[in-house]
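Comments concern the structure below.
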Amino acid sequence: MTGTAVVCLGETMAQVGPVDGLPLEHSRELRLAVAGAESTVAQYLADLGHRAAWVSRVGDDPFGRRIVGAVGARGVDVSGVEVDPVAPTGVYFKDPGPDGTRVHYYRAGSAASRMSVADADRLHLRDTRLLHLTGITPALSEGCDALVRALIARARDSGTLVSFDVNYRPALWASARRAADTLSELARLADLVLVGRDEAEALWSTPTADDIRQHLHAPGILVVKDGDIGATEFGPDGTHFVAAPVVDVVEAVGAGDAFAGGYLGGLLDGAPPRERLSLGHRLAGRTLSSIEDYVPVTERG
């Protein structure tokens, strides 16, 4: 990963979903895709011209090989992905319905969940500008939680900016209380935090962007996403809000990661707050209008 500008660490899984958009129990045809928050961000950053690496573990199985091949084909450095000879690659199913898409995970005991502090030695952060993490990884296992904390400490020592997307997934946590405490603590350790207003309210009973800022004690930069209303950045240049563009929503899955990819890409380019928020909205909007979690920038402009 020599010369990498951004390192993204986290689990990516094989994704199975109905081709016809019907609920799983009624669909007659399924398709296999690749999806993971951190690798998706890495792919968007590569699309935007940044040197990005994805670090993880996958199983020694067809799913793992498909994932590594697909992410690598988008120009992402995958040399930091290890193959676990024992544990499998995680799988999840998308289940469309009238009230939105539900997700069913089959990732317990996955290869990625077996990551630990020892995996930190695979990351060379000295020349890395940005380390991107999410709240999904510490929920996978105690080893993954310890790894996230170790990487944040190493990033601080090396002068690497730490980006943390809260990405609250209730199904992965033993309790809401544990999730709230852990995600608060990790967010406060980061330099830049991205969080949805709705997930923050569910976690910390913080109904407004200002409440979230107060709860997290204002990290260097805090970005609060509020669905189809817009996004607010609190940072050294003040407070900036950019309204979300009007989009015909097909499916919401993946939009948060697209926003993160666009926003971080703008940040790395030195764009001012409103421009990077706008880029985040643009990439999120493209994903919202698709059934895909990742819509390559070159495919839709």
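Numbering starts fresh at 1 for the residues of each chain in the structure tokens, the chains themselves are lettered A, B, ... in the order given, and ligands are numbered from 1 as they appear.
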
Range 97-107 of chain A: which residues within 10 Å, counting only C-alpha atoms, same-chain residues fewer than 2 positions away excluded, as a PyMOL selection string?
-> chain A and resi 11+13-17+21-24+88-95+109-113+140+171-172+250-253

For Ile212 in chain A, list every protein, DNA or RNA residue within 10 Å, evaluated using only C-alpha atoms, and leave out those in the same chain fewer than 6 positions away; present the list as a JSON list (two decimals) with C-alpha atoms, in the first residue's frame.
```json
[["chain", "number", "residue", "atom", "x", "y", "z"],
["A", 195, "VAL", "CA", -23.55, 10.45, 11.08],
["A", 196, "GLY", "CA", -27.20, 10.36, 10.07],
["A", 197, "ARG", "CA", -29.51, 12.54, 12.14],
["A", 200, "ALA", "CA", -27.91, 9.62, 16.10],
["A", 201, "GLU", "CA", -31.35, 10.16, 17.57],
["A", 204, "TRP", "CA", -28.17, 9.14, 21.76],
["A", 205, "SER", "CA", -31.62, 10.80, 21.83],
["A", 206, "THR", "CA", -30.23, 13.79, 19.95],
["A", 218, "ALA", "CA", -17.53, 18.79, 18.43],
["A", 222, "LEU", "CA", -18.80, 16.77, 12.14],
["A", 223, "VAL", "CA", -21.13, 16.06, 9.22],
["A", 224, "VAL", "CA", -24.78, 15.37, 10.01]]
```

Per DSSP on the backbone, what are the strand (DSSP E or B) residues of range 25-218 of chain A, as a PDB file with N, CA, C and O atoms, in the first residue's frame?
```
ATOM      1  N   LEU A  30     -32.513 -14.509  -8.363  1.00  0.00           N
ATOM      2  CA  LEU A  30     -31.643 -13.707  -7.511  1.00  0.00           C
ATOM      3  C   LEU A  30     -30.348 -13.383  -8.237  1.00  0.00           C
ATOM      4  O   LEU A  30     -29.925 -14.099  -9.156  1.00  0.00           O
ATOM      5  N   ARG A  31     -29.725 -12.281  -7.837  1.00  0.00           N
ATOM      6  CA  ARG A  31     -28.436 -11.911  -8.423  1.00  0.00           C
ATOM      7  C   ARG A  31     -27.403 -11.737  -7.329  1.00  0.00           C
ATOM      8  O   ARG A  31     -27.727 -11.381  -6.194  1.00  0.00           O
ATOM      9  N   LEU A  32     -26.157 -11.990  -7.674  1.00  0.00           N
ATOM     10  CA  LEU A  32     -25.049 -11.902  -6.729  1.00  0.00           C
ATOM     11  C   LEU A  32     -24.246 -10.637  -6.995  1.00  0.00           C
ATOM     12  O   LEU A  32     -23.874 -10.359  -8.141  1.00  0.00           O
ATOM     13  N   ALA A  33     -24.005  -9.869  -5.953  1.00  0.00           N
ATOM     14  CA  ALA A  33     -23.218  -8.640  -6.077  1.00  0.00           C
ATOM     15  C   ALA A  33     -22.239  -8.564  -4.910  1.00  0.00           C
ATOM     16  O   ALA A  33     -22.127  -9.484  -4.101  1.00  0.00           O
ATOM     17  N   VAL A  34     -21.536  -7.461  -4.827  1.00  0.00           N
ATOM     18  CA  VAL A  34     -20.525  -7.230  -3.797  1.00  0.00           C
ATOM     19  C   VAL A  34     -20.877  -5.954  -3.063  1.00  0.00           C
ATOM     20  O   VAL A  34     -21.189  -4.935  -3.695  1.00  0.00           O
ATOM     21  N   ALA A  35     -20.863  -5.993  -1.724  1.00  0.00           N
ATOM     22  CA  ALA A  35     -21.236  -4.791  -0.977  1.00  0.00           C
ATOM     23  C   ALA A  35     -20.565  -4.754   0.387  1.00  0.00           C
ATOM     24  O   ALA A  35     -20.515  -5.746   1.105  1.00  0.00           O
ATOM     25  N   ALA A  52      -6.588   4.810  -3.291  1.00  0.00           N
ATOM     26  CA  ALA A  52      -7.323   4.249  -2.157  1.00  0.00           C
ATOM     27  C   ALA A  52      -7.019   2.765  -1.997  1.00  0.00           C
ATOM     28  O   ALA A  52      -6.850   2.039  -2.982  1.00  0.00           O
ATOM     29  N   ALA A  53      -6.947   2.331  -0.741  1.00  0.00           N
ATOM     30  CA  ALA A  53      -6.734   0.924  -0.431  1.00  0.00           C
ATOM     31  C   ALA A  53      -7.856   0.426   0.467  1.00  0.00           C
ATOM     32  O   ALA A  53      -8.370   1.174   1.296  1.00  0.00           O
ATOM     33  N   TRP A  54      -8.214  -0.828   0.286  1.00  0.00           N
ATOM     34  CA  TRP A  54      -9.189  -1.482   1.164  1.00  0.00           C
ATOM     35  C   TRP A  54      -8.489  -2.628   1.886  1.00  0.00           C
ATOM     36  O   TRP A  54      -7.810  -3.442   1.254  1.00  0.00           O
ATOM     37  N   VAL A  55      -8.639  -2.683   3.198  1.00  0.00           N
ATOM     38  CA  VAL A  55      -7.999  -3.710   4.022  1.00  0.00           C
ATOM     39  C   VAL A  55      -9.076  -4.523   4.724  1.00  0.00           C
ATOM     40  O   VAL A  55      -9.997  -3.961   5.317  1.00  0.00           O
ATOM     41  N   SER A  56      -8.963  -5.843   4.672  1.00  0.00           N
ATOM     42  CA  SER A  56      -9.962  -6.696   5.296  1.00  0.00           C
ATOM     43  C   SER A  56      -9.479  -8.136   5.296  1.00  0.00           C
ATOM     44  O   SER A  56      -8.310  -8.426   5.009  1.00  0.00           O
ATOM     45  N   ARG A  57     -10.413  -9.040   5.615  1.00  0.00           N
ATOM     46  CA  ARG A  57     -10.214 -10.476   5.450  1.00  0.00           C
ATOM     47  C   ARG A  57     -11.427 -11.043   4.725  1.00  0.00           C
ATOM     48  O   ARG A  57     -12.553 -10.607   4.946  1.00  0.00           O
ATOM     49  N   VAL A  58     -11.166 -12.041   3.880  1.00  0.00           N
ATOM     50  CA  VAL A  58     -12.241 -12.773   3.217  1.00  0.00           C
ATOM     51  C   VAL A  58     -11.949 -14.259   3.367  1.00  0.00           C
ATOM     52  O   VAL A  58     -10.839 -14.665   3.700  1.00  0.00           O
ATOM     53  N   GLY A  59     -12.949 -15.082   3.117  1.00  0.00           N
ATOM     54  CA  GLY A  59     -12.755 -16.511   3.172  1.00  0.00           C
ATOM     55  C   GLY A  59     -12.072 -17.038   1.924  1.00  0.00           C
ATOM     56  O   GLY A  59     -12.039 -16.386   0.873  1.00  0.00           O
ATOM     57  N   ASP A  77      -6.463  -0.533  -4.251  1.00  0.00           N
ATOM     58  CA  ASP A  77      -5.382  -1.413  -3.816  1.00  0.00           C
ATOM     59  C   ASP A  77      -5.959  -2.436  -2.842  1.00  0.00           C
ATOM     60  O   ASP A  77      -6.437  -2.077  -1.765  1.00  0.00           O
ATOM     61  N   VAL A  81      -5.732  -7.174   1.761  1.00  0.00           N
ATOM     62  CA  VAL A  81      -6.815  -8.112   2.076  1.00  0.00           C
ATOM     63  C   VAL A  81      -6.215  -9.506   2.279  1.00  0.00           C
ATOM     64  O   VAL A  81      -5.550 -10.032   1.379  1.00  0.00           O
ATOM     65  N   GLU A  82      -6.443 -10.088   3.432  1.00  0.00           N
ATOM     66  CA  GLU A  82      -5.949 -11.431   3.719  1.00  0.00           C
ATOM     67  C   GLU A  82      -7.042 -12.471   3.461  1.00  0.00           C
ATOM     68  O   GLU A  82      -8.225 -12.192   3.641  1.00  0.00           O
ATOM     69  N   VAL A  83      -6.607 -13.656   3.075  1.00  0.00           N
ATOM     70  CA  VAL A  83      -7.522 -14.774   2.860  1.00  0.00           C
ATOM     71  C   VAL A  83      -7.438 -15.701   4.068  1.00  0.00           C
ATOM     72  O   VAL A  83      -6.366 -16.189   4.418  1.00  0.00           O
ATOM     73  N   ASP A  84      -8.582 -15.908   4.711  1.00  0.00           N
ATOM     74  CA  ASP A  84      -8.649 -16.778   5.881  1.00  0.00           C
ATOM     75  C   ASP A  84      -8.922 -18.210   5.408  1.00  0.00           C
ATOM     76  O   ASP A  84      -9.930 -18.460   4.747  1.00  0.00           O
ATOM     77  N   VAL A  91     -22.177 -13.210   3.987  1.00  0.00           N
ATOM     78  CA  VAL A  91     -23.195 -13.044   2.943  1.00  0.00           C
ATOM     79  C   VAL A  91     -24.382 -12.301   3.536  1.00  0.00           C
ATOM     80  O   VAL A  91     -24.724 -12.492   4.708  1.00  0.00           O
ATOM     81  N   TYR A  92     -25.012 -11.434   2.747  1.00  0.00           N
ATOM     82  CA  TYR A  92     -26.277 -10.868   3.208  1.00  0.00           C
ATOM     83  C   TYR A  92     -27.274 -10.772   2.062  1.00  0.00           C
ATOM     84  O   TYR A  92     -26.890 -10.722   0.891  1.00  0.00           O
ATOM     85  N   PHE A  93     -28.548 -10.777   2.434  1.00  0.00           N
ATOM     86  CA  PHE A  93     -29.633 -10.777   1.468  1.00  0.00           C
ATOM     87  C   PHE A  93     -30.436  -9.485   1.581  1.00  0.00           C
ATOM     88  O   PHE A  93     -30.778  -9.050   2.679  1.00  0.00           O
ATOM     89  N   LYS A  94     -30.749  -8.895   0.438  1.00  0.00           N
ATOM     90  CA  LYS A  94     -31.619  -7.725   0.389  1.00  0.00           C
ATOM     91  C   LYS A  94     -33.039  -8.193   0.125  1.00  0.00           C
ATOM     92  O   LYS A  94     -33.282  -8.999  -0.777  1.00  0.00           O
ATOM     93  N   ASP A  95     -33.972  -7.691   0.937  1.00  0.00           N
ATOM     94  CA  ASP A  95     -35.365  -8.130   0.859  1.00  0.00           C
ATOM     95  C   ASP A  95     -36.273  -6.923   0.641  1.00  0.00           C
ATOM     96  O   ASP A  95     -36.729  -6.295   1.593  1.00  0.00           O
ATOM     97  N   ARG A 102     -35.329  -4.488   3.577  1.00  0.00           N
ATOM     98  CA  ARG A 102     -34.737  -5.058   4.783  1.00  0.00           C
ATOM     99  C   ARG A 102     -33.492  -5.840   4.396  1.00  0.00           C
ATOM    100  O   ARG A 102     -33.360  -6.316   3.259  1.00  0.00           O
ATOM    101  N   VAL A 103     -32.585  -5.994   5.354  1.00  0.00           N
ATOM    102  CA  VAL A 103     -31.335  -6.706   5.104  1.00  0.00           C
ATOM    103  C   VAL A 103     -31.211  -7.857   6.098  1.00  0.00           C
ATOM    104  O   VAL A 103     -31.425  -7.668   7.295  1.00  0.00           O
ATOM    105  N   HIS A 104     -30.862  -9.033   5.590  1.00  0.00           N
ATOM    106  CA  HIS A 104     -30.684 -10.217   6.427  1.00  0.00           C
ATOM    107  C   HIS A 104     -29.215 -10.644   6.352  1.00  0.00           C
ATOM    108  O   HIS A 104     -28.722 -11.018   5.281  1.00  0.00           O
ATOM    109  N   TYR A 105     -28.517 -10.573   7.484  1.00  0.00           N
ATOM    110  CA  TYR A 105     -27.086 -10.877   7.531  1.00  0.00           C
ATOM    111  C   TYR A 105     -26.818 -12.339   7.870  1.00  0.00           C
ATOM    112  O   TYR A 105     -27.467 -12.921   8.740  1.00  0.00           O
ATOM    113  N   TYR A 106     -25.818 -12.900   7.205  1.00  0.00           N
ATOM    114  CA  TYR A 106     -25.275 -14.217   7.543  1.00  0.00           C
ATOM    115  C   TYR A 106     -23.758 -14.046   7.608  1.00  0.00           C
ATOM    116  O   TYR A 106     -23.020 -14.477   6.718  1.00  0.00           O
ATOM    117  N   LEU A 130      -5.476   9.748   5.014  1.00  0.00           N
ATOM    118  CA  LEU A 130      -6.766   9.527   5.642  1.00  0.00           C
ATOM    119  C   LEU A 130      -6.984   8.046   5.926  1.00  0.00           C
ATOM    120  O   LEU A 130      -6.753   7.190   5.057  1.00  0.00           O
ATOM    121  N   LEU A 131      -7.448   7.743   7.135  1.00  0.00           N
ATOM    122  CA  LEU A 131      -7.882   6.405   7.518  1.00  0.00           C
ATOM    123  C   LEU A 131      -9.385   6.465   7.716  1.00  0.00           C
ATOM    124  O   LEU A 131      -9.878   7.231   8.547  1.00  0.00           O
ATOM    125  N   HIS A 132     -10.125   5.648   6.944  1.00  0.00           N
ATOM    126  CA  HIS A 132     -11.588   5.666   7.042  1.00  0.00           C
ATOM    127  C   HIS A 132     -12.080   4.401   7.725  1.00  0.00           C
ATOM    128  O   HIS A 132     -11.798   3.274   7.278  1.00  0.00           O
ATOM    129  N   LEU A 133     -12.850   4.579   8.801  1.00  0.00           N
ATOM    130  CA  LEU A 133     -13.418   3.485   9.575  1.00  0.00           C
ATOM    131  C   LEU A 133     -14.917   3.714   9.739  1.00  0.00           C
ATOM    132  O   LEU A 133     -15.390   4.843   9.565  1.00  0.00           O
ATOM    133  N   THR A 134     -15.632   2.655  10.105  1.00  0.00           N
ATOM    134  CA  THR A 134     -17.057   2.817  10.383  1.00  0.00           C
ATOM    135  C   THR A 134     -17.428   2.084  11.660  1.00  0.00           C
ATOM    136  O   THR A 134     -16.682   1.235  12.157  1.00  0.00           O
ATOM    137  N   LEU A 161      -5.220  11.631   9.280  1.00  0.00           N
ATOM    138  CA  LEU A 161      -6.578  12.040   9.622  1.00  0.00           C
ATOM    139  C   LEU A 161      -7.467  10.809   9.741  1.00  0.00           C
ATOM    140  O   LEU A 161      -7.417   9.917   8.891  1.00  0.00           O
ATOM    141  N   VAL A 162      -8.280  10.743  10.791  1.00  0.00           N
ATOM    142  CA  VAL A 162      -9.199   9.618  10.985  1.00  0.00           C
ATOM    143  C   VAL A 162     -10.629  10.054  10.689  1.00  0.00           C
ATOM    144  O   VAL A 162     -11.146  10.992  11.313  1.00  0.00           O
ATOM    145  N   SER A 163     -11.251   9.378   9.728  1.00  0.00           N
ATOM    146  CA  SER A 163     -12.656   9.593   9.400  1.00  0.00           C
ATOM    147  C   SER A 163     -13.452   8.427   9.967  1.00  0.00           C
ATOM    148  O   SER A 163     -13.088   7.259   9.765  1.00  0.00           O
ATOM    149  N   PHE A 164     -14.563   8.739  10.664  1.00  0.00           N
ATOM    150  CA  PHE A 164     -15.389   7.694  11.276  1.00  0.00           C
ATOM    151  C   PHE A 164     -16.843   7.914  10.904  1.00  0.00           C
ATOM    152  O   PHE A 164     -17.437   8.933  11.253  1.00  0.00           O
ATOM    153  N   ASP A 165     -17.399   6.958  10.157  1.00  0.00           N
ATOM    154  CA  ASP A 165     -18.819   6.990   9.807  1.00  0.00           C
ATOM    155  C   ASP A 165     -19.547   6.108  10.818  1.00  0.00           C
ATOM    156  O   ASP A 165     -19.293   4.904  10.890  1.00  0.00           O
ATOM    157  N   LEU A 192     -12.816  13.384  12.073  1.00  0.00           N
ATOM    158  CA  LEU A 192     -13.961  13.714  11.227  1.00  0.00           C
ATOM    159  C   LEU A 192     -15.022  12.649  11.443  1.00  0.00           C
ATOM    160  O   LEU A 192     -14.721  11.455  11.371  1.00  0.00           O
ATOM    161  N   VAL A 193     -16.248  13.065  11.717  1.00  0.00           N
ATOM    162  CA  VAL A 193     -17.336  12.127  11.967  1.00  0.00           C
ATOM    163  C   VAL A 193     -18.480  12.388  10.998  1.00  0.00           C
ATOM    164  O   VAL A 193     -18.883  13.541  10.792  1.00  0.00           O
ATOM    165  N   LEU A 194     -19.000  11.310  10.408  1.00  0.00           N
ATOM    166  CA  LEU A 194     -20.205  11.382   9.588  1.00  0.00           C
ATOM    167  C   LEU A 194     -21.282  10.576  10.294  1.00  0.00           C
ATOM    168  O   LEU A 194     -21.039   9.435  10.717  1.00  0.00           O
ATOM    169  N   VAL A 195     -22.472  11.147  10.404  1.00  0.00           N
ATOM    170  CA  VAL A 195     -23.550  10.454  11.085  1.00  0.00           C
ATOM    171  C   VAL A 195     -24.893  10.924  10.543  1.00  0.00           C
ATOM    172  O   VAL A 195     -25.066  12.092  10.186  1.00  0.00           O
ATOM    173  N   GLY A 196     -25.842   9.999  10.450  1.00  0.00           N
ATOM    174  CA  GLY A 196     -27.202  10.363  10.069  1.00  0.00           C
ATOM    175  C   GLY A 196     -27.946  10.931  11.260  1.00  0.00           C
ATOM    176  O   GLY A 196     -27.787  10.435  12.380  1.00  0.00           O
TER     177      GLY A 196
END
```

Within 8 Å of Arg282 in chain A using only C-alpha atoms, minus same-chain residues under 4 positions, as a list in words | Pro245, Phe259, Gly262, Ser278 and Arg286 of chain A

Convert the current residue selection to file output with all heavy atoms, as a PDB file, in the first residue's frame.
```
ATOM      1  N   PRO A 245     -30.591  17.354  -3.083  1.00  0.00           N
ATOM      2  CA  PRO A 245     -31.345  17.505  -4.329  1.00  0.00           C
ATOM      3  C   PRO A 245     -32.544  16.569  -4.345  1.00  0.00           C
ATOM      4  O   PRO A 245     -32.571  15.552  -3.649  1.00  0.00           O
ATOM      5  CB  PRO A 245     -30.320  17.125  -5.402  1.00  0.00           C
ATOM      6  CG  PRO A 245     -29.357  16.220  -4.697  1.00  0.00           C
ATOM      7  CD  PRO A 245     -29.274  16.727  -3.286  1.00  0.00           C
ATOM      8  N   PHE A 259     -22.409   9.019  -0.158  1.00  0.00           N
ATOM      9  CA  PHE A 259     -22.213  10.378   0.353  1.00  0.00           C
ATOM     10  C   PHE A 259     -20.825  10.505   0.970  1.00  0.00           C
ATOM     11  O   PHE A 259     -20.110  11.482   0.708  1.00  0.00           O
ATOM     12  CB  PHE A 259     -23.272  10.715   1.403  1.00  0.00           C
ATOM     13  CG  PHE A 259     -23.156  12.116   1.938  1.00  0.00           C
ATOM     14  CD1 PHE A 259     -23.900  13.150   1.394  1.00  0.00           C
ATOM     15  CD2 PHE A 259     -22.259  12.411   2.966  1.00  0.00           C
ATOM     16  CE1 PHE A 259     -23.762  14.454   1.867  1.00  0.00           C
ATOM     17  CE2 PHE A 259     -22.114  13.704   3.448  1.00  0.00           C
ATOM     18  CZ  PHE A 259     -22.869  14.730   2.901  1.00  0.00           C
ATOM     19  N   GLY A 262     -18.130  10.744  -1.732  1.00  0.00           N
ATOM     20  CA  GLY A 262     -18.092  12.048  -2.373  1.00  0.00           C
ATOM     21  C   GLY A 262     -17.554  13.125  -1.453  1.00  0.00           C
ATOM     22  O   GLY A 262     -16.710  13.935  -1.859  1.00  0.00           O
ATOM     23  N   SER A 278     -21.921  19.080  -1.377  1.00  0.00           N
ATOM     24  CA  SER A 278     -22.656  18.933  -2.638  1.00  0.00           C
ATOM     25  C   SER A 278     -22.213  17.686  -3.396  1.00  0.00           C
ATOM     26  O   SER A 278     -23.044  16.973  -3.988  1.00  0.00           O
ATOM     27  CB  SER A 278     -22.464  20.173  -3.518  1.00  0.00           C
ATOM     28  OG  SER A 278     -23.044  21.313  -2.914  1.00  0.00           O
ATOM     29  N   ARG A 286     -27.226   9.484  -6.974  1.00  0.00           N
ATOM     30  CA  ARG A 286     -27.093   8.481  -8.026  1.00  0.00           C
ATOM     31  C   ARG A 286     -27.387   7.090  -7.485  1.00  0.00           C
ATOM     32  O   ARG A 286     -28.000   6.257  -8.154  1.00  0.00           O
ATOM     33  CB  ARG A 286     -25.688   8.549  -8.623  1.00  0.00           C
ATOM     34  CG  ARG A 286     -25.406   9.862  -9.341  1.00  0.00           C
ATOM     35  CD  ARG A 286     -23.926  10.124  -9.551  1.00  0.00           C
ATOM     36  NE  ARG A 286     -23.269   9.121 -10.358  1.00  0.00           N
ATOM     37  CZ  ARG A 286     -22.513   8.137  -9.878  1.00  0.00           C
ATOM     38  NH1 ARG A 286     -22.328   8.033  -8.572  1.00  0.00           N
ATOM     39  NH2 ARG A 286     -21.940   7.276 -10.661  1.00  0.00           N
TER      40      ARG A 286
END
```

Residue neighbourhood Thr232 in chain A, 7 Å, only C-alpha atoms, exclusion window fewer than 3 positions, as a ChimeraX atom specification | /A:223-225,239-242

Quick one: pull the distance between CA of Gly159 in chain A and CA of Asp119 in chain A, Å, one decimal.
->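 Taking CA of Gly159 in chain A and CA of Asp119 in chain A, their separation equals 19.6 Å.
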
Those of range 200-282 of chain A in DSSP helix (DSSP H, G or I), formatted as number ranges by chain = A: 200-204, 209-215, 255-268, 273-282

Written selection (N, CA and C atoms) as an mmCIF file, in the first residue's frame:
```cif
data_model
loop_
_atom_site.group_PDB
_atom_site.id
_atom_site.type_symbol
_atom_site.label_atom_id
_atom_site.label_comp_id
_atom_site.auth_asym_id
_atom_site.auth_seq_id
_atom_site.Cartn_x
_atom_site.Cartn_y
_atom_site.Cartn_z
ATOM 1 N N ALA A 200 -28.386 8.964 14.882
ATOM 2 C CA ALA A 200 -27.910 9.616 16.101
ATOM 3 C C ALA A 200 -29.027 9.751 17.121
ATOM 4 N N GLU A 201 -30.227 10.059 16.649
ATOM 5 C CA GLU A 201 -31.354 10.164 17.574
ATOM 6 C C GLU A 201 -31.671 8.812 18.196
ATOM 7 N N ALA A 202 -31.587 7.742 17.375
ATOM 8 C CA ALA A 202 -31.842 6.400 17.902
ATOM 9 C C ALA A 202 -30.788 5.997 18.934
ATOM 10 N N LEU A 203 -29.555 6.413 18.705
ATOM 11 C CA LEU A 203 -28.469 6.044 19.607
ATOM 12 C C LEU A 203 -28.432 6.895 20.869
ATOM 13 N N TRP A 204 -28.511 8.210 20.688
ATOM 14 C CA TRP A 204 -28.171 9.140 21.764
ATOM 15 C C TRP A 204 -29.298 10.093 22.145
ATOM 16 N N ALA A 209 -29.221 18.438 14.645
ATOM 17 C CA ALA A 209 -27.791 18.470 14.348
ATOM 18 C C ALA A 209 -27.015 19.164 15.463
ATOM 19 N N ASP A 210 -27.559 20.236 16.010
ATOM 20 C CA ASP A 210 -26.893 20.937 17.113
ATOM 21 C C ASP A 210 -26.776 20.036 18.345
ATOM 22 N N ASP A 211 -27.798 19.228 18.591
ATOM 23 C CA ASP A 211 -27.747 18.301 19.727
ATOM 24 C C ASP A 211 -26.646 17.263 19.535
ATOM 25 N N ILE A 212 -26.499 16.790 18.314
ATOM 26 C CA ILE A 212 -25.458 15.796 18.029
ATOM 27 C C ILE A 212 -24.077 16.409 18.234
ATOM 28 N N ARG A 213 -23.924 17.636 17.756
ATOM 29 C CA ARG A 213 -22.646 18.314 17.930
ATOM 30 C C ARG A 213 -22.310 18.447 19.406
ATOM 31 N N GLN A 214 -23.277 18.818 20.213
ATOM 32 C CA GLN A 214 -23.034 18.974 21.640
ATOM 33 C C GLN A 214 -22.714 17.631 22.295
ATOM 34 N N HIS A 215 -23.407 16.581 21.889
ATOM 35 C CA HIS A 215 -23.178 15.259 22.479
ATOM 36 C C HIS A 215 -21.769 14.753 22.192
ATOM 37 N N ALA A 255 -26.637 4.607 0.008
ATOM 38 C CA ALA A 255 -26.554 6.055 -0.206
ATOM 39 C C ALA A 255 -25.607 6.728 0.782
ATOM 40 N N GLY A 256 -25.595 6.260 2.039
ATOM 41 C CA GLY A 256 -24.711 6.861 3.027
ATOM 42 C C GLY A 256 -23.248 6.684 2.680
ATOM 43 N N ASP A 257 -22.894 5.519 2.154
ATOM 44 C CA ASP A 257 -21.502 5.266 1.767
ATOM 45 C C ASP A 257 -21.133 6.091 0.538
ATOM 46 N N ALA A 258 -22.083 6.258 -0.376
ATOM 47 C CA ALA A 258 -21.832 7.100 -1.543
ATOM 48 C C ALA A 258 -21.589 8.545 -1.106
ATOM 49 N N PHE A 259 -22.409 9.019 -0.158
ATOM 50 C CA PHE A 259 -22.213 10.378 0.353
ATOM 51 C C PHE A 259 -20.825 10.505 0.970
ATOM 52 N N ALA A 260 -20.433 9.519 1.770
ATOM 53 C CA ALA A 260 -19.120 9.568 2.413
ATOM 54 C C ALA A 260 -18.010 9.604 1.372
ATOM 55 N N GLY A 261 -18.129 8.784 0.328
ATOM 56 C CA GLY A 261 -17.116 8.781 -0.713
ATOM 57 C C GLY A 261 -16.983 10.126 -1.395
ATOM 58 N N GLY A 262 -18.130 10.744 -1.732
ATOM 59 C CA GLY A 262 -18.092 12.048 -2.373
ATOM 60 C C GLY A 262 -17.554 13.125 -1.453
ATOM 61 N N TYR A 263 -18.040 13.136 -0.215
ATOM 62 C CA TYR A 263 -17.598 14.156 0.727
ATOM 63 C C TYR A 263 -16.096 14.041 0.990
ATOM 64 N N LEU A 264 -15.608 12.836 1.246
ATOM 65 C CA LEU A 264 -14.188 12.657 1.535
ATOM 66 C C LEU A 264 -13.330 12.962 0.308
ATOM 67 N N GLY A 265 -13.846 12.630 -0.874
ATOM 68 C CA GLY A 265 -13.116 12.977 -2.084
ATOM 69 C C GLY A 265 -12.948 14.480 -2.215
ATOM 70 N N GLY A 266 -14.015 15.220 -1.928
ATOM 71 C CA GLY A 266 -13.925 16.677 -1.967
ATOM 72 C C GLY A 266 -12.970 17.217 -0.920
ATOM 73 N N LEU A 267 -13.001 16.621 0.262
ATOM 74 C CA LEU A 267 -12.092 17.039 1.326
ATOM 75 C C LEU A 267 -10.636 16.845 0.917
ATOM 76 N N LEU A 268 -10.319 15.685 0.345
ATOM 77 C CA LEU A 268 -8.946 15.405 -0.089
ATOM 78 C C LEU A 268 -8.503 16.336 -1.209
ATOM 79 N N PRO A 273 -16.256 23.586 2.262
ATOM 80 C CA PRO A 273 -17.335 22.774 2.840
ATOM 81 C C PRO A 273 -18.553 22.572 1.955
ATOM 82 N N ARG A 274 -19.076 23.637 1.375
ATOM 83 C CA ARG A 274 -20.303 23.489 0.592
ATOM 84 C C ARG A 274 -20.073 22.616 -0.648
ATOM 85 N N GLU A 275 -18.896 22.704 -1.239
ATOM 86 C CA GLU A 275 -18.617 21.897 -2.431
ATOM 87 C C GLU A 275 -18.508 20.423 -2.080
ATOM 88 N N ARG A 276 -17.858 20.106 -0.973
ATOM 89 C CA ARG A 276 -17.739 18.682 -0.624
ATOM 90 C C ARG A 276 -19.071 18.104 -0.149
ATOM 91 N N LEU A 277 -19.895 18.908 0.508
ATOM 92 C CA LEU A 277 -21.243 18.444 0.847
ATOM 93 C C LEU A 277 -22.055 18.196 -0.420
ATOM 94 N N SER A 278 -21.921 19.080 -1.377
ATOM 95 C CA SER A 278 -22.656 18.933 -2.638
ATOM 96 C C SER A 278 -22.213 17.686 -3.396
ATOM 97 N N LEU A 279 -20.916 17.405 -3.382
ATOM 98 C CA LEU A 279 -20.415 16.208 -4.054
ATOM 99 C C LEU A 279 -20.946 14.958 -3.353
ATOM 100 N N GLY A 280 -21.000 14.996 -2.042
ATOM 101 C CA GLY A 280 -21.592 13.881 -1.312
ATOM 102 C C GLY A 280 -23.037 13.658 -1.715
ATOM 103 N N HIS A 281 -23.811 14.732 -1.795
ATOM 104 C CA HIS A 281 -25.210 14.624 -2.215
ATOM 105 C C HIS A 281 -25.316 14.054 -3.628
ATOM 106 N N ARG A 282 -24.425 14.492 -4.516
ATOM 107 C CA ARG A 282 -24.518 14.050 -5.908
ATOM 108 C C ARG A 282 -24.301 12.547 -6.022
#
```

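Of the listed residues (A:Asp181, A:Ala271, A:Pro236, A:Ala120), A:Asp181 comes nearest to Leu216 in chain A; the distances count only C-alpha atoms.
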
With only C-alpha atoms as the counted atoms, please give the residues lying no more than 9 Å from Asp248 in chain A, apart from itself and same-chain residues fewer than 3 positions off, as an mmCIF file with C-alpha atoms, in the first residue's frame.
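Result file is out.cif:
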```
data_model
loop_
_atom_site.group_PDB
_atom_site.id
_atom_site.type_symbol
_atom_site.label_atom_id
_atom_site.label_comp_id
_atom_site.auth_asym_id
_atom_site.auth_seq_id
_atom_site.Cartn_x
_atom_site.Cartn_y
_atom_site.Cartn_z
ATOM 1 C CA GLY A 285 -28.435 10.759 -5.309
ATOM 2 C CA LEU A 288 -30.703 6.383 -4.415
ATOM 3 C CA SER A 289 -31.979 6.194 -7.987
#
```
